[in-house]
Amino acid sequence: MTTSFSSLTLPDDYKKNIVEMKRAMRAQIGDIAGLFRQVCDKIETEIAAAREEEKRNGSAWPEISYADLAAGKVSPQQIAQIKRRGCLVVRQTFSRESALEMDRSMLNYLDENHFDEVYRGPGDNFFGSLEASRPEIYPIYWSKAQMSARQSEQMAATQSFLNRLWHFQQAGGSWFNPDVNIIYPDRIRRRPPGTTSKGLGAHTDSGALERWLLPAYQKVFRKIFTNRFAEYDPWDAAYRPEVNEYDVANTTKCSAFRTFQGWTALSDMLSGQGLLHVVPVPEAMAYVLLRPLLDDVPEDELCGVAPGRVLPVSEKWHPHLIAGLCSIPAVQAGDSVWWHCDVIHSVAPVENQQGWGNVMYIPAAPMCEKNLAYAHSVRNALEKGASPADFPQEDYEQAWANRFQLSDLNINGRRALGMEEN
Ligand SMILES: [Fe+2]
């Protein structure tokens, strides 16, 4: 069994690579200003439409019920709207009661293992390039609550539905298996009532510098980088699983391909209480990619992008996008919330938060060669109770009581970790 997966070293002279990339892109695209205007027009039109939907429905986020999803009753119109907005709330993926039970069991797990006393503070500075403070993230991966959700039927059905929004057989390849997902262990967020938080500035996950410099990402975005924006389809999976991220010491990265980033609510969350926002336009990535090619950005810079940090989206460089941030609706415990891997997101600030704000991050990471390699490393981390390879090696849970064990895996879980034939 292999335990290694791709690693990619950041070139020392990456600034020189940025200058060269810009020169080549400008030559390839031709009329950058014209292309940027075209992208802006599309995004402004979509943001205006999303604001109308917000007025009409209370939120621009499409919503479906898990019951409809499981019964195959999501209509083609709903699917078109989900793809247009790049985000989705799946109501009652788990029943409210079972999600509240997961929350209680998570709290017990933290308490019985004295997390508050042993916690040493943040293990990385991944969000350090953003304006706001860190979110209230706990580097805990192996609770029974998290693992039972990750290997549940509900999660498998939801992830399969989401993966199938993509064109996974494109450009001569079969890019992933939409119906099997690896377990991608991520952390939890817990935010008690009364919290005052600056939230988290707007950003995208899954690579920053990489989105410009890597040949695989240049292929993903080939329609943008060759001035054919009208043909660009954010749901085309071609080359996406070939992308890797640079290794930068002591930070967080993602070695898996995720079709969607997501979380599952473990508490009810009220409107206006520091909720997640997105720019509900998956094509907005074209704006982010083209913006640094305009003349007002220093030749060796990419609008605030730095190695080992998330890709920041700011008022200074991306005012149209900041103006488009739309909140999720109020959610109940058990609802799951999903956004396309290119979608810009932020967490709003809150003062004296009403109610809890607890979530488990569980994305959709469909089976492909790259994800299988990472799944093998996840299996080993689970066995030891260690932090997964993509995260700082804090390893809080190694000696913890009541940790989820390999022997607790069901058939979904074993498949998800590459321990069964698919
Ligand atoms: Fe993020």
# chains A, B, ... in the order shown; residues from 1 in each chain; ligands from 1
call {"tool": "residues_around", "arguments": {"residues": "Lys15 (chain A)", "least_positions_apart": "6", "cutoff": "9 Å", "atoms": "only C-alpha atoms", "output": "VMD selection string"}}
result
chain A and resid 299 to 301
call {"tool": "write_last_selection", "arguments": {"atoms": "C-alpha atoms", "output": "compact mmCIF listing (two decimals), in the first residue's frame"}}
result
# COMPACT_ATOMS: atom_id res chain seq x y z
CA GLU A 299 4.46 42.92 -12.36
CA ASP A 300 5.61 40.38 -9.77
CA GLU A 301 2.41 40.39 -7.72
call {"tool": "residues_around", "arguments": {"residues": "Ala399 (chain A)", "least_positions_apart": "4", "cutoff": "9 Å", "atoms": "only C-alpha atoms", "output": "ChimeraX atom specification"}}
result
/A:113,384-385,403
call {"tool": "closest_residue", "arguments": {"among": "A:Glu210, A:Glu315, A:Glu231, A:Glu54", "to": "Leu289 (chain A)", "atoms": "only C-alpha atoms"}}
result
A:Glu210
call {"tool": "closest_residue", "arguments": {"among": "A:Cys341, A:Thr9, A:Asp111, A:Tyr287", "to": "Asp247 (chain A)", "atoms": "only C-alpha atoms"}}
result
A:Thr9
call {"tool": "residues_around", "arguments": {"residues": "region 95-97 of chain A", "least_positions_apart": "5", "cutoff": "8 Å", "atoms": "only C-alpha atoms", "output": "list of chain:residue names"}}
result
A:Gln332, A:Ala333, A:Gly334, A:Asp335
call {"tool": "residues_near_ligand", "arguments": {"ligand": "ligand 1", "cutoff": "8 Å", "atoms": "only C-alpha atoms and all ligand atoms", "output": "PDB file with N, CA and C atoms, in the first residue's frame"}}
result
ATOM      1  N   HIS A 203     -12.123  34.739   0.488  1.00  0.00           N
ATOM      2  CA  HIS A 203     -11.006  33.991  -0.090  1.00  0.00           C
ATOM      3  C   HIS A 203     -11.546  32.818  -0.899  1.00  0.00           C
ATOM      4  N   THR A 204     -10.638  32.130  -1.601  1.00  0.00           N
ATOM      5  CA  THR A 204     -10.967  30.814  -2.151  1.00  0.00           C
ATOM      6  C   THR A 204      -9.956  29.813  -1.624  1.00  0.00           C
ATOM      7  N   ASP A 205     -10.370  28.541  -1.601  1.00  0.00           N
ATOM      8  CA  ASP A 205      -9.494  27.444  -1.173  1.00  0.00           C
ATOM      9  C   ASP A 205      -8.852  26.810  -2.410  1.00  0.00           C
ATOM     10  N   GLN A 261     -16.586  22.287  -1.404  1.00  0.00           N
ATOM     11  CA  GLN A 261     -16.248  22.426   0.003  1.00  0.00           C
ATOM     12  C   GLN A 261     -17.586  22.469   0.746  1.00  0.00           C
ATOM     13  N   VAL A 310      -4.188  31.166   1.912  1.00  0.00           N
ATOM     14  CA  VAL A 310      -5.355  31.108   1.025  1.00  0.00           C
ATOM     15  C   VAL A 310      -5.312  32.285   0.045  1.00  0.00           C
ATOM     16  N   HIS A 345     -15.640  32.802  -0.710  1.00  0.00           N
ATOM     17  CA  HIS A 345     -16.462  32.749   0.500  1.00  0.00           C
ATOM     18  C   HIS A 345     -15.830  33.531   1.642  1.00  0.00           C
ATOM     19  N   SER A 346     -16.654  33.907   2.594  1.00  0.00           N
ATOM     20  CA  SER A 346     -16.184  34.643   3.773  1.00  0.00           C
ATOM     21  C   SER A 346     -17.109  34.298   4.926  1.00  0.00           C
TER      22      SER A 346
END
call {"tool": "residues_around", "arguments": {"residues": "Asp296 (chain A)", "least_positions_apart": "4", "cutoff": "12 Å", "atoms": "only C-alpha atoms", "output": "NGL selection string"}}
result
:A and (33 or 291-292 or 300-303 or 316-317)
call {"tool": "write_last_selection", "arguments": {"atoms": "N, CA and C atoms", "output": "PDB file, in the first residue's frame"}}
result
ATOM      1  N   ALA A  33      -7.957  44.019 -21.282  1.00  0.00           N
ATOM      2  CA  ALA A  33      -8.977  44.931 -20.733  1.00  0.00           C
ATOM      3  C   ALA A  33     -10.356  44.563 -21.272  1.00  0.00           C
ATOM      4  N   ARG A 291      -7.592  39.672 -12.925  1.00  0.00           N
ATOM      5  CA  ARG A 291      -7.344  40.968 -12.257  1.00  0.00           C
ATOM      6  C   ARG A 291      -5.858  41.329 -12.155  1.00  0.00           C
ATOM      7  N   PRO A 292      -4.981  40.377 -11.788  1.00  0.00           N
ATOM      8  CA  PRO A 292      -3.551  40.737 -11.658  1.00  0.00           C
ATOM      9  C   PRO A 292      -2.883  41.050 -12.990  1.00  0.00           C
ATOM     10  N   ASP A 300       5.298  41.653 -10.441  1.00  0.00           N
ATOM     11  CA  ASP A 300       5.613  40.383  -9.771  1.00  0.00           C
ATOM     12  C   ASP A 300       4.603  40.068  -8.664  1.00  0.00           C
ATOM     13  N   GLU A 301       3.417  40.655  -8.752  1.00  0.00           N
ATOM     14  CA  GLU A 301       2.409  40.393  -7.722  1.00  0.00           C
ATOM     15  C   GLU A 301       1.097  39.918  -8.312  1.00  0.00           C
ATOM     16  N   LEU A 302       0.322  39.269  -7.444  1.00  0.00           N
ATOM     17  CA  LEU A 302      -0.966  38.696  -7.862  1.00  0.00           C
ATOM     18  C   LEU A 302      -2.073  39.139  -6.900  1.00  0.00           C
ATOM     19  N   CYS A 303      -2.149  40.454  -6.657  1.00  0.00           N
ATOM     20  CA  CYS A 303      -3.229  40.995  -5.809  1.00  0.00           C
ATOM     21  C   CYS A 303      -3.265  40.356  -4.423  1.00  0.00           C
ATOM     22  N   LYS A 316      -9.802  46.213  -2.140  1.00  0.00           N
ATOM     23  CA  LYS A 316      -8.821  46.965  -2.925  1.00  0.00           C
ATOM     24  C   LYS A 316      -8.736  46.469  -4.372  1.00  0.00           C
ATOM     25  N   TRP A 317      -8.677  45.154  -4.549  1.00  0.00           N
ATOM     26  CA  TRP A 317      -8.444  44.599  -5.885  1.00  0.00           C
ATOM     27  C   TRP A 317      -9.703  44.048  -6.552  1.00  0.00           C
TER      28      TRP A 317
END
